[in-house]
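What follows is a short report on a single structure.
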Amino acid sequence: MNKPAPVRILNAQILPLTSKQLLENLHDGLLVTPNIDHLMILEHDDEFRRCYSEAEWVVCDSRIIYFCSQLLSKPLPEAIPGSSFFTAYYTYHRNDPGCRIFLLGAAPGIAAEARRRINLSVGREIIVGEYSPVKGFEHDPEESERMIRAIAVSEATVVAVGLGAPKQEKWIVAHRHRLPDVHLWMAIGATIDFEAGNVRRAPLIMQRLGLEWLYRFTQEPRRLFRRYFINDIRFFPLFIWRHLIRRR
């Protein structure tokens, strides 16, 4: 596949792909799925920007970003939420013995439950291992070594990393060269919790209207208030200024 020219939104170069195109062509590299929170972190985090520049696949996770892109001369064709895409991915590869997935992230026991549920739904051991890093893993070289060993022993060819942005992307970029048998890395945020049934996703109508963030806020208001109502709200004036006013 010849990748189409990316659509720039703030500091992210997003590939204008459909989920079908991504499923059919995602064989190797690093997949990141920017949402508004990612875009705001990219405004000030140089290392995170470097991770994004090294990612082979950057696709739109957010319906809000998708809606905003419709105001551009080259809009995105659709949003591809990482949580929905991961389910589609392992379902698509259910009969592919070369696809062996490792789950890295979530609290102890959660990834194991996600593994059990996914393997049951697929009908084979497509999830071959899981590991829940300790808090502060990003500052603990010994824990990183344990993470790497667990992945290597599993003989996984795909690693789905749910450690939260920007930690998950930074860890992948720093360590993926150590695991050459892993062909594909997917930075998937809270997806492992969703797959385990530990956290419920928003109703489908809220997802389609771009209101999944509001549903998540009602579940964890204290943790998410600053993210949504202080940090992420800045996206809208930045988008208007850079893409709708200054371009003229």
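By order of appearance in the structure tokens: chains A, B, ..., then residues from 1 within every chain, and ligands from 1 in the order shown.
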Contacts of A:Arg200 at 10 Å or less, counting only C-alpha atoms, minus same-chain residues fewer than 5 places along, as a PDB file with N, CA and C atoms, in the first residue's frame?
```
ATOM      1  N   ASP A 193      -8.461  -2.404  29.673  1.00  0.00           N
ATOM      2  CA  ASP A 193      -9.538  -2.319  30.665  1.00  0.00           C
ATOM      3  C   ASP A 193     -10.898  -2.562  30.031  1.00  0.00           C
ATOM      4  N   PHE A 194     -11.104  -2.012  28.841  1.00  0.00           N
ATOM      5  CA  PHE A 194     -12.371  -2.235  28.145  1.00  0.00           C
ATOM      6  C   PHE A 194     -12.551  -3.717  27.803  1.00  0.00           C
ATOM      7  N   GLU A 195     -11.498  -4.340  27.300  1.00  0.00           N
ATOM      8  CA  GLU A 195     -11.581  -5.743  26.893  1.00  0.00           C
ATOM      9  C   GLU A 195     -11.844  -6.660  28.092  1.00  0.00           C
ATOM     10  N   TYR A 215     -18.829  10.624  28.737  1.00  0.00           N
ATOM     11  CA  TYR A 215     -19.186   9.406  29.460  1.00  0.00           C
ATOM     12  C   TYR A 215     -18.055   8.988  30.392  1.00  0.00           C
ATOM     13  N   ARG A 216     -16.829   9.040  29.902  1.00  0.00           N
ATOM     14  CA  ARG A 216     -15.677   8.685  30.739  1.00  0.00           C
ATOM     15  C   ARG A 216     -15.526   9.660  31.899  1.00  0.00           C
ATOM     16  N   GLN A 219     -17.592   8.809  34.800  1.00  0.00           N
ATOM     17  CA  GLN A 219     -17.093   7.654  35.532  1.00  0.00           C
ATOM     18  C   GLN A 219     -15.939   8.019  36.462  1.00  0.00           C
TER      19      GLN A 219
END
```
Stretch 21-23 of chain A surroundings by only C-alpha atoms, 9 Å radius, close-in-sequence under 5 positions cut, as a PDB file with C-alpha atoms, in the first residue's frame:
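Saved the output as part-v4.pdb:
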```pdb
ATOM      1  CA  TRP A  57       0.979   4.570  11.502  1.00  0.00           C
ATOM      2  CA  VAL A  59      -4.537   7.422  12.705  1.00  0.00           C
ATOM      3  CA  PHE A  85      -9.896  -1.024  16.223  1.00  0.00           C
ATOM      4  CA  ALA A  88     -11.500  -5.496  14.949  1.00  0.00           C
ATOM      5  CA  TYR A  89      -7.801  -6.333  14.615  1.00  0.00           C
ATOM      6  CA  TYR A  92      -9.623 -10.030  11.617  1.00  0.00           C
TER       7      TYR A  92
END
```
Pick out the residues sitting within 10 Å of A:Ala5, and hand them over as a PyMOL selection string; count only C-alpha atoms, and ignore anything fewer than 2 positions along from it in its own chain. chain A and resi 2-3+7-8+13-16+74
Would you export the selected residues with N, CA and C atoms as an mmCIF file, in the first residue's frame, please?
```
data_model
loop_
_atom_site.group_PDB
_atom_site.id
_atom_site.type_symbol
_atom_site.label_atom_id
_atom_site.label_comp_id
_atom_site.auth_asym_id
_atom_site.auth_seq_id
_atom_site.Cartn_x
_atom_site.Cartn_y
_atom_site.Cartn_z
ATOM 1 N N ASN A 2 0.587 2.171 -0.889
ATOM 2 C CA ASN A 2 1.212 3.479 -0.855
ATOM 3 C C ASN A 2 0.388 4.365 0.080
ATOM 4 N N LYS A 3 0.998 4.743 1.181
ATOM 5 C CA LYS A 3 0.261 5.533 2.154
ATOM 6 C C LYS A 3 -0.095 6.899 1.574
ATOM 7 N N VAL A 7 -2.627 14.262 6.868
ATOM 8 C CA VAL A 7 -3.332 15.509 7.163
ATOM 9 C C VAL A 7 -2.745 16.075 8.457
ATOM 10 N N ARG A 8 -2.212 17.275 8.390
ATOM 11 C CA ARG A 8 -1.621 17.873 9.584
ATOM 12 C C ARG A 8 -2.704 18.536 10.426
ATOM 13 N N GLN A 13 0.732 14.487 12.257
ATOM 14 C CA GLN A 13 0.557 14.177 10.834
ATOM 15 C C GLN A 13 -0.285 12.901 10.756
ATOM 16 N N ILE A 14 -1.573 13.041 10.504
ATOM 17 C CA ILE A 14 -2.518 11.930 10.610
ATOM 18 C C ILE A 14 -2.818 11.348 9.237
ATOM 19 N N LEU A 15 -2.696 10.032 9.123
ATOM 20 C CA LEU A 15 -2.966 9.364 7.855
ATOM 21 C C LEU A 15 -4.478 9.308 7.606
ATOM 22 N N PRO A 16 -4.929 9.744 6.437
ATOM 23 C CA PRO A 16 -6.357 9.707 6.124
ATOM 24 C C PRO A 16 -6.780 8.324 5.633
ATOM 25 N N LYS A 74 -8.587 19.071 3.077
ATOM 26 C CA LYS A 74 -8.420 17.626 2.962
ATOM 27 C C LYS A 74 -8.879 16.990 4.271
#
```
So that I can see what lies close to A:Val159, please list as a CSV table (one decimal) with N, CA and C atoms, in the first residue's frame the residues with an atom at most 8 Å from it, counting only C-alpha atoms and leaving out residues fewer than 6 positions away in the same chain.
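Output contents, as saved in selection29.csv:
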```
chain,number,residue,atom,x,y,z
A,101,ILE,N,-0.5,-12.1,20.1
A,101,ILE,CA,-0.5,-10.8,20.7
A,101,ILE,C,-0.2,-10.9,22.2
A,102,PHE,N,0.6,-9.9,22.7
A,102,PHE,CA,0.9,-9.7,24.1
A,102,PHE,C,0.3,-8.4,24.6
A,103,LEU,N,-0.4,-8.5,25.7
A,103,LEU,CA,-1.0,-7.4,26.4
A,103,LEU,C,-0.1,-6.8,27.5
A,104,LEU,N,0.3,-5.6,27.3
A,104,LEU,CA,1.2,-4.9,28.3
A,104,LEU,C,0.5,-3.7,28.9
A,151,ILE,N,7.8,-10.3,27.3
A,151,ILE,CA,7.4,-10.3,25.9
A,151,ILE,C,8.2,-11.3,25.1
A,182,VAL,N,9.0,-8.9,17.4
A,182,VAL,CA,7.7,-8.2,17.5
A,182,VAL,C,7.7,-7.3,16.2
A,184,LEU,N,4.8,-5.7,15.2
A,184,LEU,CA,3.8,-4.6,15.3
A,184,LEU,C,3.6,-4.2,16.7
A,185,TRP,N,3.7,-2.9,17.0
A,185,TRP,CA,3.4,-2.3,18.3
A,185,TRP,C,2.2,-1.4,18.2
A,186,MET,N,1.3,-1.6,19.1
A,186,MET,CA,0.0,-0.8,19.1
A,186,MET,C,-0.1,-0.1,20.5
```
I'd like the contact shell of A:Cys60 - 9 Å cut-off, only C-alpha atoms, skipping same-chain residues fewer than 5 positions apart - returned as a ChimeraX atom specification. /A:14-17,32-35,65-66,76,78-82
At a cut-off of 10 Å, using only C-alpha atoms, what residues contact stretch 166-173 of chain A? Leave out same-chain residues fewer than 5 positions from it and give the result as JSON, numbers by chain. {"A": [30, 31, 32, 37, 38, 41, 42, 45, 47, 48, 49, 50, 51, 52, 54, 55, 104, 105, 136, 137, 138, 144, 159, 160, 161, 178, 185, 186, 187, 188, 189]}
What gap, in Å, lies between atom CA of A:Gly210 and atom CA of A:Arg63?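 We find that atom CA of A:Gly210 and atom CA of A:Arg63 lie 4.8 Å from each other.
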For A:Gly109, list every protein, DNA or RNA residue within 12 Å, evaluated using only C-alpha atoms, and leave out those in the same chain fewer than 3 positions away; present the list as a VMD selection string. chain A and resid 103 to 106 112 to 116 130 to 133 192 to 193 196 to 198
Per DSSP on the backbone, what are the alpha helix (DSSP H) residues of stretch 87-175 of chain A, as an NGL selection string? :A and (87-92 or 110-122 or 141-154 or 167-175)
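Distance-wise, atom CA of A:Leu209 and atom CA of A:Ile64 end up 8.4 Å apart.
When only C-alpha atoms are used to compute distances to A:Thr87, the closest of the residues A:Cys99, A:Met147, A:Val122, A:Ala107 turns out to be A:Val122.
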Write down as a ChimeraX atom specification the residues of stretch 68-225 of chain A whose backbone DSSP state falls under strand (DSSP E). /A:101-105,127-131,158-162,184-187
What separation in Å, quoted to one decimal, exists between atom CA of A:Val128 and atom CA of A:Ser154?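 Between these atoms lies a distance of 6.0 Å.
When only C-alpha atoms are used to compute distances to A:Gly123, the closest of the residues A:Arg208, A:His177, A:Arg94, A:Lys20 turns out to be A:Arg94.
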